[in-house]
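A.B. asks: Enclosed is the structure file query_2.txt (compact mmCIF, C-alpha atoms).
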# COMPACT_ATOMS: atom_id res chain seq x y z
CA MET A 115 20.51 9.62 -6.66
CA LEU A 116 18.04 6.86 -5.75
CA ASN A 117 19.28 3.33 -5.93
CA GLU A 118 16.82 0.84 -7.41
CA GLY A 119 17.98 -1.94 -5.13
CA ILE A 120 17.53 0.16 -2.02
CA VAL A 121 14.14 1.47 -3.11
CA SER A 122 13.01 -2.09 -3.78
CA MET A 123 14.18 -3.08 -0.32
CA GLN A 124 12.42 -0.13 1.32
CA VAL A 125 9.15 -0.89 -0.43
CA ARG A 126 9.42 -4.56 0.55
CA GLU A 127 10.14 -3.58 4.15
CA PHE A 128 7.11 -1.27 4.19
CA ILE A 129 4.82 -3.96 2.80
CA ILE A 130 6.08 -6.65 5.16
CA SER A 131 5.96 -4.49 8.23
CA ASN A 132 2.55 -2.89 7.51
CA PHE A 133 0.57 -5.63 5.81
CA LEU A 134 2.26 -8.92 6.66
CA TYR A 135 2.96 -7.91 10.25
CA GLY A 136 6.63 -8.71 9.96
CA GLN A 137 6.01 -12.22 8.64
CA ASP A 138 7.91 -12.35 5.37
CA ARG A 139 6.15 -15.14 3.54
CA ALA A 140 8.59 -15.21 0.63
CA LEU A 141 6.97 -12.23 -1.06
CA GLY A 142 8.12 -12.19 -4.68
CA ASP A 143 8.94 -8.93 -6.45
CA ALA A 144 6.21 -9.59 -9.00
CA ASP A 145 3.55 -10.93 -6.59
CA SER A 146 0.26 -9.02 -6.92
CA PHE A 147 -0.66 -7.24 -3.68
CA LEU A 148 -4.33 -7.41 -4.57
CA ASN A 149 -4.51 -11.02 -5.78
CA GLU A 150 -2.49 -12.24 -2.81
CA GLY A 151 -4.86 -10.40 -0.48
CA ILE A 152 -1.98 -8.38 0.95
CA VAL A 153 -3.33 -4.88 0.43
CA ASP A 154 -6.93 -3.66 0.57
CA SER A 155 -8.19 -0.18 -0.29
CA THR A 156 -7.03 1.28 3.04
CA GLY A 157 -3.69 -0.40 2.37
CA VAL A 158 -3.39 1.30 -1.01
CA LEU A 159 -4.03 4.61 0.73
CA GLN A 160 -1.20 3.82 3.15
CA LEU A 161 1.13 2.72 0.35
CA VAL A 162 0.47 5.90 -1.62
CA THR A 163 1.14 8.07 1.43
CA PHE A 164 4.35 6.14 2.11
CA LEU A 165 5.56 6.74 -1.44
CA GLU A 166 4.64 10.42 -1.36
CA GLU A 167 6.29 11.05 1.97
CA THR A 168 9.37 8.91 1.45
CA TYR A 169 10.21 9.92 -2.12
CA GLY A 170 8.76 13.43 -2.21
CA ILE A 171 6.38 12.73 -5.07
CA ALA A 172 2.69 13.45 -5.58
CA VAL A 173 0.73 10.45 -6.88
CA ALA A 174 -1.94 11.76 -9.25
CA ASP A 175 -5.43 10.22 -9.29
CA GLU A 176 -4.89 8.80 -12.79
CA GLU A 177 -1.76 7.03 -11.56
CA LEU A 178 -3.69 4.98 -8.99
CA ILE A 179 -3.74 1.90 -11.16
CA PRO A 180 -2.46 -1.63 -10.62
CA GLU A 181 0.17 -1.16 -13.32
CA ASN A 182 1.88 1.30 -10.95
CA LEU A 183 1.12 -0.05 -7.51
CA ASP A 184 0.30 -3.75 -7.46
CA SER A 185 3.70 -5.35 -6.80
CA ILE A 186 7.12 -4.41 -5.52
CA ARG A 187 8.41 -4.45 -9.10
CA SER A 188 5.63 -2.23 -10.44
CA VAL A 189 6.03 0.26 -7.59
CA VAL A 190 9.77 0.52 -8.20
CA ALA A 191 9.24 0.93 -11.96
CA TYR A 192 6.60 3.59 -11.30
CA LEU A 193 8.93 5.46 -8.93
CA SER A 194 11.68 5.27 -11.50
CA ARG A 195 9.43 6.85 -14.14
CA LYS A 196 8.05 9.35 -11.70
CA THR A 197 11.45 10.58 -10.54
CA ASP A 198 12.53 10.85 -14.17
CA GLY A 199 15.72 8.85 -14.30
CA LEU A 200 16.97 9.72 -10.83
CA PHE A 201 17.40 5.98 -10.29
CA ASP A 202 20.73 4.21 -10.31
CA ALA A 203 19.84 0.71 -11.51
CA GLY A 204 22.81 -0.96 -9.80
CA ALA A 205 22.68 -3.19 -6.75
CA PRO A 206 22.89 -1.33 -3.46
CA SER A 207 26.43 -0.61 -2.40
CA GLU A 208 27.37 -0.73 1.24
CA ALA A 209 27.83 3.02 1.26
CA ALA A 210 24.47 3.61 -0.36
CA MET A 211 22.70 1.49 2.26
CA GLY A 212 23.31 4.19 4.82
CA GLU A 213 22.15 7.06 2.65
CA ASN A 214 18.87 8.78 3.00
CA VAL A 215 16.99 8.50 -0.23
CA MET B 133 -29.34 -22.64 -13.05
CA SER B 134 -28.92 -19.35 -14.92
CA THR B 135 -28.12 -19.44 -18.59
CA VAL B 136 -26.60 -16.64 -20.58
CA SER B 137 -29.69 -16.32 -22.77
CA ALA B 138 -31.95 -15.96 -19.71
CA LEU B 139 -29.90 -13.16 -18.21
CA SER B 140 -31.84 -10.03 -17.37
CA PRO B 141 -32.52 -7.95 -14.28
CA GLU B 142 -35.54 -10.25 -13.82
CA ILE B 143 -33.22 -12.84 -12.28
CA LEU B 144 -33.67 -10.99 -9.00
CA ARG B 145 -37.47 -11.03 -9.16
CA LEU B 146 -38.96 -12.83 -6.16
CA ASP B 147 -42.39 -14.04 -5.15
CA PRO B 148 -43.22 -11.55 -2.37
CA VAL B 149 -46.00 -13.68 -0.87
CA LYS B 150 -43.84 -16.75 -0.52
CA GLU B 151 -40.78 -14.80 0.57
CA THR B 152 -42.73 -12.92 3.24
CA GLU B 153 -44.19 -16.15 4.54
CA GLN B 154 -40.76 -17.72 4.83
CA ILE B 155 -39.20 -14.74 6.57
CA VAL B 156 -42.13 -14.32 8.95
CA ASP B 157 -41.93 -18.00 9.92
CA GLY B 158 -38.19 -17.58 10.34
CA ILE B 159 -38.53 -14.54 12.60
CA ARG B 160 -41.05 -16.34 14.84
CA ASP B 161 -38.77 -19.31 15.13
CA LEU B 162 -35.66 -17.22 15.83
CA VAL B 163 -37.20 -14.79 18.33
CA PHE B 164 -39.62 -17.00 20.26
CA ARG B 165 -38.07 -20.45 20.05
CA GLN B 166 -34.33 -19.98 19.58
CA LEU B 167 -33.66 -16.67 21.30
CA LYS B 168 -36.59 -17.00 23.72
CA ARG B 169 -37.38 -13.29 23.65
CA LYS B 170 -40.78 -11.64 23.86
CA GLY B 171 -40.53 -9.37 20.86
CA ALA B 172 -38.16 -7.28 18.75
CA VAL B 173 -36.52 -3.87 18.82
CA VAL B 174 -35.97 -2.39 15.38
CA GLY B 175 -33.81 0.69 14.90
CA VAL B 176 -35.91 2.53 12.32
CA SER B 177 -33.85 4.99 10.30
CA GLY B 178 -36.37 6.18 7.75
CA GLY B 179 -34.66 4.01 5.13
CA ILE B 180 -36.06 1.11 3.16
CA ASP B 181 -34.24 -1.75 4.94
CA SER B 182 -35.29 -0.93 8.47
CA ALA B 183 -38.83 -0.17 7.28
CA VAL B 184 -39.11 -3.62 5.68
CA VAL B 185 -37.69 -5.28 8.81
CA ALA B 186 -40.22 -3.43 10.98
CA PHE B 187 -43.06 -4.54 8.68
CA LEU B 188 -41.86 -8.15 8.69
CA CYS B 189 -41.36 -8.24 12.47
CA THR B 190 -44.83 -6.83 12.99
CA ARG B 191 -46.34 -9.54 10.78
CA ALA B 192 -44.34 -12.20 12.57
CA LEU B 193 -44.64 -11.13 16.19
CA GLY B 194 -47.70 -8.89 16.34
CA ARG B 195 -47.76 -5.13 16.68
CA GLU B 196 -47.73 -5.24 20.47
CA ARG B 197 -44.37 -6.99 20.39
CA VAL B 198 -42.35 -4.66 18.17
CA LEU B 199 -40.64 -1.46 19.28
CA ALA B 200 -39.40 1.05 16.70
CA LEU B 201 -36.49 3.05 18.01
CA PHE B 202 -35.50 6.41 16.52
CA THR B 203 -31.98 7.63 17.30
CA PRO B 204 -31.33 10.92 15.52
CA GLU B 205 -28.17 12.95 16.15
CA ALA B 206 -26.79 16.34 15.18
CA ASP B 207 -25.92 15.35 11.59
CA SER B 208 -29.11 13.39 10.86
CA SER B 209 -31.39 14.55 8.13
CA GLU B 210 -34.78 15.75 9.42
CA ASP B 211 -36.40 13.38 6.97
CA SER B 212 -35.02 10.38 8.84
CA LEU B 213 -37.07 10.95 11.97
CA ARG B 214 -40.15 12.04 10.05
CA LEU B 215 -40.09 8.94 7.86
CA GLY B 216 -39.25 6.70 10.81
CA ARG B 217 -42.36 7.95 12.56
CA ARG B 218 -44.39 7.21 9.46
CA VAL B 219 -43.27 3.59 9.61
CA ALA B 220 -44.31 3.27 13.25
CA GLU B 221 -47.60 5.08 12.64
CA SER B 222 -48.53 3.01 9.62
CA LEU B 223 -47.89 -0.19 11.58
CA GLY B 224 -49.39 1.03 14.85
CA ILE B 225 -46.36 -0.18 16.81
CA HIS B 226 -44.81 1.31 19.93
CA TRP B 227 -41.86 3.62 19.41
CA ALA B 228 -39.21 5.43 21.43
CA LEU B 229 -37.12 8.45 20.55
CA GLU B 230 -33.55 8.84 21.81
CA ASP B 231 -31.54 11.78 20.55
CA ILE B 232 -27.99 10.46 20.80
CA SER B 233 -26.20 13.78 20.12
CA ALA B 234 -25.34 14.34 23.79
CA VAL B 235 -23.86 10.85 24.16
CA LEU B 236 -21.84 11.39 20.99
CA ARG B 237 -20.60 14.78 22.17
CA ALA B 238 -19.58 13.29 25.51
CA ALA B 239 -17.63 10.56 23.70
CA GLY B 240 -15.90 13.19 21.55
CA CYS B 241 -17.36 11.84 18.33
CA TYR B 242 -17.72 15.16 16.53
CA GLU B 243 -14.53 16.66 17.94
CA ARG B 244 -12.42 13.62 17.03
CA ARG B 245 -13.93 13.51 13.55
CA ASP B 246 -13.17 17.20 12.91
CA GLU B 247 -9.65 16.77 14.23
CA ALA B 248 -9.15 13.86 11.81
CA ILE B 249 -10.50 15.89 8.87
CA ARG B 250 -8.00 18.64 9.72
CA LYS B 251 -5.18 16.18 9.03
CA SER B 252 -6.15 16.47 5.37
CA VAL B 253 -7.96 19.84 5.38
CA PRO B 254 -6.17 22.04 7.96
CA ASP B 255 -8.69 24.93 7.86
CA TYR B 256 -11.73 22.68 8.58
CA GLY B 257 -13.61 24.11 11.55
CA PRO B 258 -16.93 25.25 12.99
CA GLY B 259 -19.67 25.77 10.42
CA TYR B 260 -18.08 23.40 7.91
CA LYS B 261 -19.85 20.32 6.61
CA SER B 262 -18.28 17.19 5.21
CA LYS B 263 -18.67 13.72 3.79
CA ILE B 264 -16.26 11.10 2.53
CA VAL B 265 -16.64 9.71 -0.96
CA LEU B 266 -15.27 7.11 -3.36
CA PRO B 267 -14.84 7.78 -7.08
CA SER B 268 -17.61 6.26 -9.18
CA LEU B 269 -16.50 3.14 -10.99
CA PRO B 270 -16.71 4.14 -14.67
CA ASP B 271 -14.58 7.25 -14.02
CA GLY B 272 -12.17 5.72 -11.60
CA SER B 273 -9.33 3.28 -11.57
CA ARG B 274 -9.18 -0.09 -9.91
CA TYR B 275 -8.01 1.56 -6.74
CA SER B 276 -10.78 3.61 -5.26
CA LEU B 277 -9.29 5.88 -2.65
CA PHE B 278 -11.45 7.88 -0.30
CA SER B 279 -11.65 11.64 -0.53
CA VAL B 280 -13.35 14.12 1.74
CA ILE B 281 -15.69 16.75 0.36
CA VAL B 282 -15.86 19.78 2.63
CA GLN B 283 -18.23 22.69 2.43
CA SER B 284 -17.17 25.94 4.11
CA PRO B 285 -19.65 28.21 5.90
CA ALA B 286 -19.57 30.31 2.68
CA ARG B 287 -20.77 27.14 0.90
CA GLU B 288 -17.59 26.68 -1.12
CA THR B 289 -16.89 22.99 -1.65
CA ARG B 290 -13.55 21.26 -2.07
CA LYS B 291 -12.58 17.65 -2.62
CA VAL B 292 -9.34 16.42 -1.06
CA ARG B 293 -7.90 12.91 -1.16
CA LEU B 294 -7.56 11.64 2.40
CA ASN B 295 -4.34 10.52 3.98
CA PRO B 296 -4.60 7.26 5.98
CA GLY B 297 -4.55 8.99 9.37
CA ALA B 298 -7.40 11.25 8.39
CA TYR B 299 -9.44 8.45 6.79
CA LEU B 300 -9.07 6.05 9.70
CA GLY B 301 -9.69 8.86 12.19
CA ILE B 302 -12.90 9.96 10.48
CA VAL B 303 -14.22 6.40 10.24
CA ALA B 304 -13.27 5.54 13.82
CA ALA B 305 -14.97 8.68 15.15
CA THR B 306 -18.15 8.41 13.09
CA ASN B 307 -18.48 4.73 14.06
CA PHE B 308 -19.46 6.02 17.51
CA LYS B 309 -22.81 6.80 15.92
CA GLN B 310 -23.70 3.25 14.91
CA ARG B 311 -22.34 1.85 18.17
CA THR B 312 -24.29 4.31 20.29
CA ARG B 313 -27.45 3.46 18.37
CA LYS B 314 -26.88 -0.22 19.08
CA MET B 315 -26.28 0.51 22.75
CA MET B 316 -29.70 2.21 22.88
CA GLU B 317 -31.34 -0.68 21.05
CA TYR B 318 -29.98 -3.11 23.63
CA TYR B 319 -31.15 -0.86 26.45
CA TYR B 320 -34.70 -1.34 25.25
CA ALA B 321 -34.09 -5.01 24.47
CA ASP B 322 -32.98 -5.58 28.06
CA LEU B 323 -35.85 -3.53 29.43
CA LEU B 324 -38.51 -5.40 27.45
CA GLN B 325 -36.80 -8.78 27.10
CA TYR B 326 -36.86 -8.32 23.35
CA ALA B 327 -34.35 -9.35 20.68
CA VAL B 328 -32.61 -6.77 18.52
CA ALA B 329 -33.35 -7.03 14.82
CA GLY B 330 -30.49 -6.24 12.44
CA THR B 331 -31.40 -4.61 9.16
CA PRO B 332 -28.63 -5.38 6.65
CA ASN B 333 -29.54 -6.49 3.17
CA ARG B 334 -27.35 -8.96 1.26
CA LEU B 335 -25.14 -6.31 -0.32
CA GLU B 336 -24.33 -4.82 3.06
CA TYR B 337 -23.92 -8.15 4.83
CA ASP B 338 -21.74 -9.69 2.13
CA GLN B 339 -19.63 -6.63 1.38
CA GLY B 340 -19.13 -5.47 4.95
CA PHE B 341 -21.06 -2.24 4.72
CA PHE B 342 -21.65 -2.05 8.45
CA VAL B 343 -19.84 -1.16 11.65
CA LYS B 344 -18.62 -4.04 13.76
CA ASN B 345 -20.47 -3.95 17.07
CA GLY B 346 -22.50 -1.10 15.62
CA ASP B 347 -25.19 -1.72 13.05
CA GLY B 348 -23.46 -5.07 12.46
CA ALA B 349 -24.56 -6.26 15.90
CA ALA B 350 -27.97 -7.84 16.29
CA ASP B 351 -29.69 -10.98 17.55
CA PHE B 352 -31.17 -11.82 14.16
CA LYS B 353 -30.92 -10.42 10.63
CA PRO B 354 -34.08 -11.30 8.73
CA ILE B 355 -33.26 -9.74 5.33
CA ALA B 356 -29.52 -10.47 5.10
CA HIS B 357 -30.21 -12.91 2.24
CA LEU B 358 -32.12 -10.38 0.10
CA TYR B 359 -30.53 -8.31 -2.65
CA LYS B 360 -31.32 -4.63 -2.35
CA SER B 361 -33.69 -4.72 -5.31
CA GLN B 362 -35.53 -7.60 -3.64
CA VAL B 363 -35.92 -5.48 -0.51
CA TYR B 364 -37.66 -2.90 -2.70
CA GLN B 365 -39.94 -5.59 -4.13
CA LEU B 366 -40.93 -6.71 -0.64
CA ALA B 367 -41.39 -3.09 0.47
CA ALA B 368 -43.88 -2.51 -2.34
CA TRP B 369 -45.80 -5.66 -1.50
CA LEU B 370 -45.79 -5.04 2.26
CA GLY B 371 -47.10 -1.50 1.79
CA VAL B 372 -44.11 0.44 3.13
CA PRO B 373 -44.93 4.16 2.74
CA GLU B 374 -44.17 5.23 -0.83
CA GLU B 375 -41.97 8.13 0.19
CA ILE B 376 -39.62 5.65 1.84
CA GLN B 377 -39.64 3.44 -1.23
CA ARG B 378 -38.70 6.42 -3.40
CA ARG B 379 -36.03 7.83 -1.09
CA PRO B 380 -32.45 7.30 -2.37
CA PRO B 381 -30.44 5.23 0.14
CA THR B 382 -28.15 7.41 2.25
CA THR B 383 -25.74 6.69 5.06
CA ASP B 384 -27.24 9.52 7.17
CA THR B 385 -23.92 9.67 8.98
CA TYR B 386 -22.15 12.74 7.59
CA SER B 387 -23.17 16.38 7.73
CA LEU B 388 -23.30 16.61 3.91
CA GLU B 389 -25.80 14.24 2.38
CA GLN B 390 -24.04 11.12 1.23
CA SER B 391 -25.37 8.31 -0.94
CA GLN B 392 -24.38 4.72 -0.21
CA GLU B 393 -23.07 4.58 -3.75
CA GLU B 394 -20.48 7.30 -3.24
CA PHE B 395 -19.52 5.98 0.18
CA TYR B 396 -19.13 2.31 -0.47
CA PHE B 397 -20.35 0.70 -3.64
CA SER B 398 -19.14 2.99 -6.49
CA LEU B 399 -22.05 1.79 -8.60
CA PRO B 400 -25.83 2.27 -8.41
CA LEU B 401 -27.25 -0.37 -6.09
CA ASP B 402 -29.46 -2.11 -8.66
CA ARG B 403 -26.39 -2.70 -10.84
CA MET B 404 -24.27 -3.64 -7.85
CA ASP B 405 -26.94 -6.24 -7.00
CA LEU B 406 -26.64 -7.78 -10.46
CA CYS B 407 -22.85 -7.80 -10.29
CA LEU B 408 -22.96 -9.57 -6.92
CA TYR B 409 -25.44 -12.07 -8.32
CA GLY B 410 -23.21 -12.55 -11.35
CA ARG B 411 -20.17 -13.14 -9.17
CA ASN B 412 -22.06 -15.57 -6.92
CA HIS B 413 -23.32 -17.55 -9.89
CA ALA B 414 -20.04 -17.51 -11.85
CA ILE B 415 -21.57 -15.55 -14.73
CA PRO B 416 -18.79 -14.49 -17.12
CA ALA B 417 -18.16 -10.74 -17.13
CA ALA B 418 -18.83 -10.56 -20.87
CA ALA B 419 -22.32 -12.05 -20.39
CA LEU B 420 -23.23 -9.74 -17.52
CA ALA B 421 -21.81 -6.56 -19.05
CA PRO B 422 -24.78 -5.59 -21.31
CA ILE B 423 -27.26 -6.05 -18.47
CA VAL B 424 -25.44 -3.67 -16.14
CA ASN B 425 -24.43 -1.16 -18.84
CA LEU B 426 -20.74 -1.68 -18.29
CA ASP B 427 -18.05 -3.13 -20.50
CA GLU B 428 -16.45 -6.49 -19.81
CA GLU B 429 -13.37 -4.97 -18.25
CA GLN B 430 -15.46 -2.87 -15.85
CA VAL B 431 -17.44 -5.92 -14.75
CA GLU B 432 -14.16 -7.75 -14.12
CA ARG B 433 -13.12 -4.79 -11.98
CA VAL B 434 -16.39 -4.91 -10.02
CA TYR B 435 -15.89 -8.67 -9.51
CA ALA B 436 -12.40 -7.96 -8.14
CA ILE B 437 -13.79 -5.25 -5.83
CA ILE B 438 -16.50 -7.65 -4.61
CA GLU B 439 -13.87 -10.25 -3.70
CA SER B 440 -11.66 -7.68 -2.04
CA LYS B 441 -14.49 -6.23 0.06
CA ARG B 442 -15.74 -9.72 0.89
CA ALA B 443 -12.29 -10.63 2.17
CA ALA B 444 -12.05 -7.42 4.21
CA ALA B 445 -15.55 -8.09 5.63
CA ARG B 446 -14.44 -11.40 7.10
CA TYR B 447 -13.02 -9.54 10.09
CA LEU B 448 -16.22 -7.55 10.47
CA ARG B 449 -18.40 -10.65 10.46
CA SER B 450 -16.28 -12.81 12.68
CA ALA B 451 -17.46 -13.59 16.19
CA PRO B 452 -14.78 -13.33 18.90
CA LEU B 453 -12.19 -15.99 18.14
CA LEU B 454 -11.03 -18.48 20.72
CA VAL B 455 -7.59 -20.01 21.01
CA LYS B 456 -9.10 -23.25 22.32
CA GLU B 457 -12.60 -24.65 22.23
CA VAL B 458 -14.67 -24.27 25.37
CA GLU B 459 -16.42 -27.55 26.05
CA GLY B 460 -20.19 -27.38 26.17
CA ILE B 461 -20.22 -23.90 24.64
CA THR B 462 -18.59 -23.86 21.22
CA ASP B 463 -20.89 -26.53 19.80
CA ASP B 464 -23.92 -24.36 20.66
CA PRO B 465 -25.65 -23.45 17.36
CA CYS B 466 -26.03 -19.88 18.60
CA VAL B 467 -22.24 -19.46 18.66
CA GLY B 468 -21.22 -18.54 15.14
CA SER B 469 -20.36 -15.75 12.80
CA TYR B 470 -21.97 -12.39 13.21
Let me see the file written as structure tokens.
C.D. replies:
Amino acid sequence: MLNEGIVSMQVREFIISNFLYGQDRALGDADSFLNEGIVDSTGVLQLVTFLEETYGIAVADEELIPENLDSIRSVVAYLSRKTDGLFDAGAPSEAAMGENV
Amino acid sequence: MSTVSALSPEILRLDPVKETEQIVDGIRDLVFRQLKRKGAVVGVSGGIDSAVVAFLCTRALGRERVLALFTPEADSSEDSLRLGRRVAESLGIHWALEDISAVLRAAGCYERRDEAIRKSVPDYGPGYKSKIVLPSLPDGSRYSLFSVIVQSPARETRKVRLNPGAYLGIVAATNFKQRTRKMMEYYYADLLQYAVAGTPNRLEYDQGFFVKNGDGAADFKPIAHLYKSQVYQLAAWLGVPEEIQRRPPTTDTYSLEQSQEEFYFSLPLDRMDLCLYGRNHAIPAAALAPIVNLDEEQVERVYAIIESKRAAARYLRSAPLLVKEVEGITDDPCVGSY
């Protein structure tokens, strides 16, 4: 089962390492990637590939909308819908931190 | 100042006589006085922008002082060279032809590009053709992701969304083309002590539709302030051959014919022009929408895309950055953005 807290952390880590070059500038869960100038169109391509490869999903063309991909919160919510309830909404436990999701 | 009631495509209408005079004076000043070069090299592609630049340079510098350079390669359309020659012939200027296919092959341009395509289309191989495309705006979402269209030797076509490795690999490899062309232009510029004319229009210059150190490199860019539809107006007035005026703009970079719209702008260029004008003049999306045949939400989306591309283009336009100023050099007016 995927843990929402861990997924959120993984997405944040991906964004910070790929688009903020490791400089965490207090990125909020609801901050818009586009409005903050964090992710451009190549960045969206990279984000989509990351989600597909990490969570074993296929992002359909009609799902490529800001409502699904424009903030950490919207990405996590999208993944939750996409994986059809496979999410455990609880905070990450110590044991879960070491799991492969 | 524009008012909502005055809004129409006519806002981009210019006075070709006055505009030509200003640009011609500008070219003379830039080439002879500021750059201190004897003439100009213009890479003539058979497209409207380079044709207009060649016409303007000829007016400004004289036909003896302009060299048209043709640089076809294996994927170029035959029309490009034919129409390029027409430009040179109609102006009576000197020209040179450099087929850059061998240079590109030696650099691995085609091989690297095909290898990158195979990351998304594993069976891509000899005899295949390809181009990369963006979805058109009215059909697409806010995120326009690149796809590759491949055509097999049996002429079956497929469209596949690109993964980042494939996309970046294709772009990096095909950029050899624009950079090799520029290398050739500077060969002739060095040989003749000429300046290299860049040919971007405002849409391209503003939105970053050029290759850094490729077609983005030049000594002067005489039409960078003109919207694409204004380039057409000047072309008509200057007498650019009609076939060039009628030809749809292409990138002439991929083996399948590719419009600039599907590669970069997602919207026909005349409407993209008006959206850029609207954005630059803070025209509300609702006021612009009827003029560009879009709804308000779509115009808002185009405005967002314009800002996003403009931000991404900052890197493309920037001159090499220095950590510290170099006395006596950095205050030179010739040191600036590119």
A.B. asks: Select, counting all atoms listed in the file, all protein, DNA and RNA residues no farther than 9 Å from (-17.6, 20.8, 5.9) in file coordinates, and express the selection as a list in words.
C.D. replies: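 Residues found, by chain and rising number: Tyr256, Gly257, Pro258, Gly259, Tyr260, Lys261, Ser262, Lys263, Val280, Ile281, Val282, Gln283, Ser284, Pro285, Arg287, Thr289, Arg290, Ser387 and Leu388 of chain B.
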A.B. asks: Mind checking which residues fall within 7 Å of range 150-166 of chain A, counting only C-alpha atoms, ignoring those fewer than 4 positions away in the same chain, and posting them as a ChimeraX atom specification?
C.D. replies: /A:133,146,170-173 /B:275-277,295-296,440
A.B. asks: Suppose we keep C-alpha atoms; can you now write the selection as a compact mmCIF listing (two decimals), in the coordinates of the input?
C.D. replies:
# COMPACT_ATOMS: atom_id res chain seq x y z
CA PHE A 133 0.57 -5.63 5.81
CA SER A 146 0.26 -9.02 -6.92
CA GLY A 170 8.76 13.43 -2.21
CA ILE A 171 6.38 12.73 -5.07
CA ALA A 172 2.69 13.45 -5.58
CA VAL A 173 0.73 10.45 -6.88
CA TYR B 275 -8.01 1.56 -6.74
CA SER B 276 -10.78 3.61 -5.26
CA LEU B 277 -9.29 5.88 -2.65
CA ASN B 295 -4.34 10.52 3.98
CA PRO B 296 -4.60 7.26 5.98
CA SER B 440 -11.66 -7.68 -2.04
A.B. asks: Figure out the distance between CA of Val265 in chain B and CA of Ala206 in chain B, please, to one decimal in Å.
C.D. replies: 20.2 Å
A.B. asks: Can you tell me which residues surround range 188-194 of chain B at a distance of at most 8 Å, considering all atoms listed in the file, apart from same-chain residues fewer than 2 positions away, and format the answer as a VMD selection string?
C.D. replies: chain B and resid 152 155 to 157 159 to 160 171 to 172 184 to 186 196 to 198 223 225
A.B. asks: Find the smallest box with edges along x, y and z containing every listed atom of range 177-183 of chain A, then add 4 Å on each side and report centre and edge lengths in Å to one decimal, as AutoDock Vina command-line options.
C.D. replies:
--center_x -0.9 --center_y 2.7 --center_z -10.4 --size_x 13.6 --size_y 16.7 --size_z 13.8
A.B. asks: For chain B against chain A, which residues fall within 10 Å using only C-alpha atoms, given as a ChimeraX atom specification?
C.D. replies: /B:267,271-278,293-297,299-300,436-437,439-441,443-444
A.B. asks: Between A:Ile129, A:Ala191, A:Lys196, A:Val121, which is the closest to Gly142 in chain A once you count only C-alpha atoms?
C.D. replies: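 Closest residue, counting only C-alpha atoms: A:Ile129.
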A.B. asks: So what do you get for CA of Asn333 in chain B versus CA of Asp181 in chain B, distance-wise?
C.D. replies: 6.9 Å
A.B. asks: What gap, in Å, lies between CA of Phe147 in chain A and CA of Val190 in chain A?
C.D. replies: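 The value is 13.8 Å.
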A.B. asks: Pull the neighbourhood of (-20.9, -15.5, -9.2) for me: all residues within 12 Å in file coordinates, counting all atoms listed in the file, as a PyMOL selection string.
C.D. replies: chain B and resi 133-134+405-417+419-420+431-432+434-436+438-439
A.B. asks: If we count only C-alpha atoms, what is near range 349-358 of chain B at a cut-off of 8 Å, once residues fewer than 4 positions away on the same chain are taken out, given as a PyMOL selection string?
C.D. replies: chain B and resi 155+158-159+162-163+167+185+314+327-334+336-337+344-345+362-363+470
A.B. asks: Which residues are close to range 240-253 of chain B, i.e. within 7 Å by only C-alpha atoms, leaving aside same-chain residues fewer than 2 positions away? Reply as a list in words.
C.D. replies: Leu236, Arg237, Ala238, Asp255, Tyr256, Leu294, Asn295, Ala298, Gly301, Ile302, Ala305, Thr306 and Phe308 of chain B
A.B. asks: What would the file look like if the residues just selected were written as a PDB file, in the frame of the given file with C-alpha atoms?
C.D. replies:
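Contents of the output file result-v2.pdb:
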ATOM      1  CA  LEU B 236     -21.840  11.390  20.990  1.00  0.00           C
ATOM      2  CA  ARG B 237     -20.600  14.780  22.170  1.00  0.00           C
ATOM      3  CA  ALA B 238     -19.580  13.290  25.510  1.00  0.00           C
ATOM      4  CA  ASP B 255      -8.690  24.930   7.860  1.00  0.00           C
ATOM      5  CA  TYR B 256     -11.730  22.680   8.580  1.00  0.00           C
ATOM      6  CA  LEU B 294      -7.560  11.640   2.400  1.00  0.00           C
ATOM      7  CA  ASN B 295      -4.340  10.520   3.980  1.00  0.00           C
ATOM      8  CA  ALA B 298      -7.400  11.250   8.390  1.00  0.00           C
ATOM      9  CA  GLY B 301      -9.690   8.860  12.190  1.00  0.00           C
ATOM     10  CA  ILE B 302     -12.900   9.960  10.480  1.00  0.00           C
ATOM     11  CA  ALA B 305     -14.970   8.680  15.150  1.00  0.00           C
ATOM     12  CA  THR B 306     -18.150   8.410  13.090  1.00  0.00           C
ATOM     13  CA  PHE B 308     -19.460   6.020  17.510  1.00  0.00           C
TER      14      PHE B 308
END
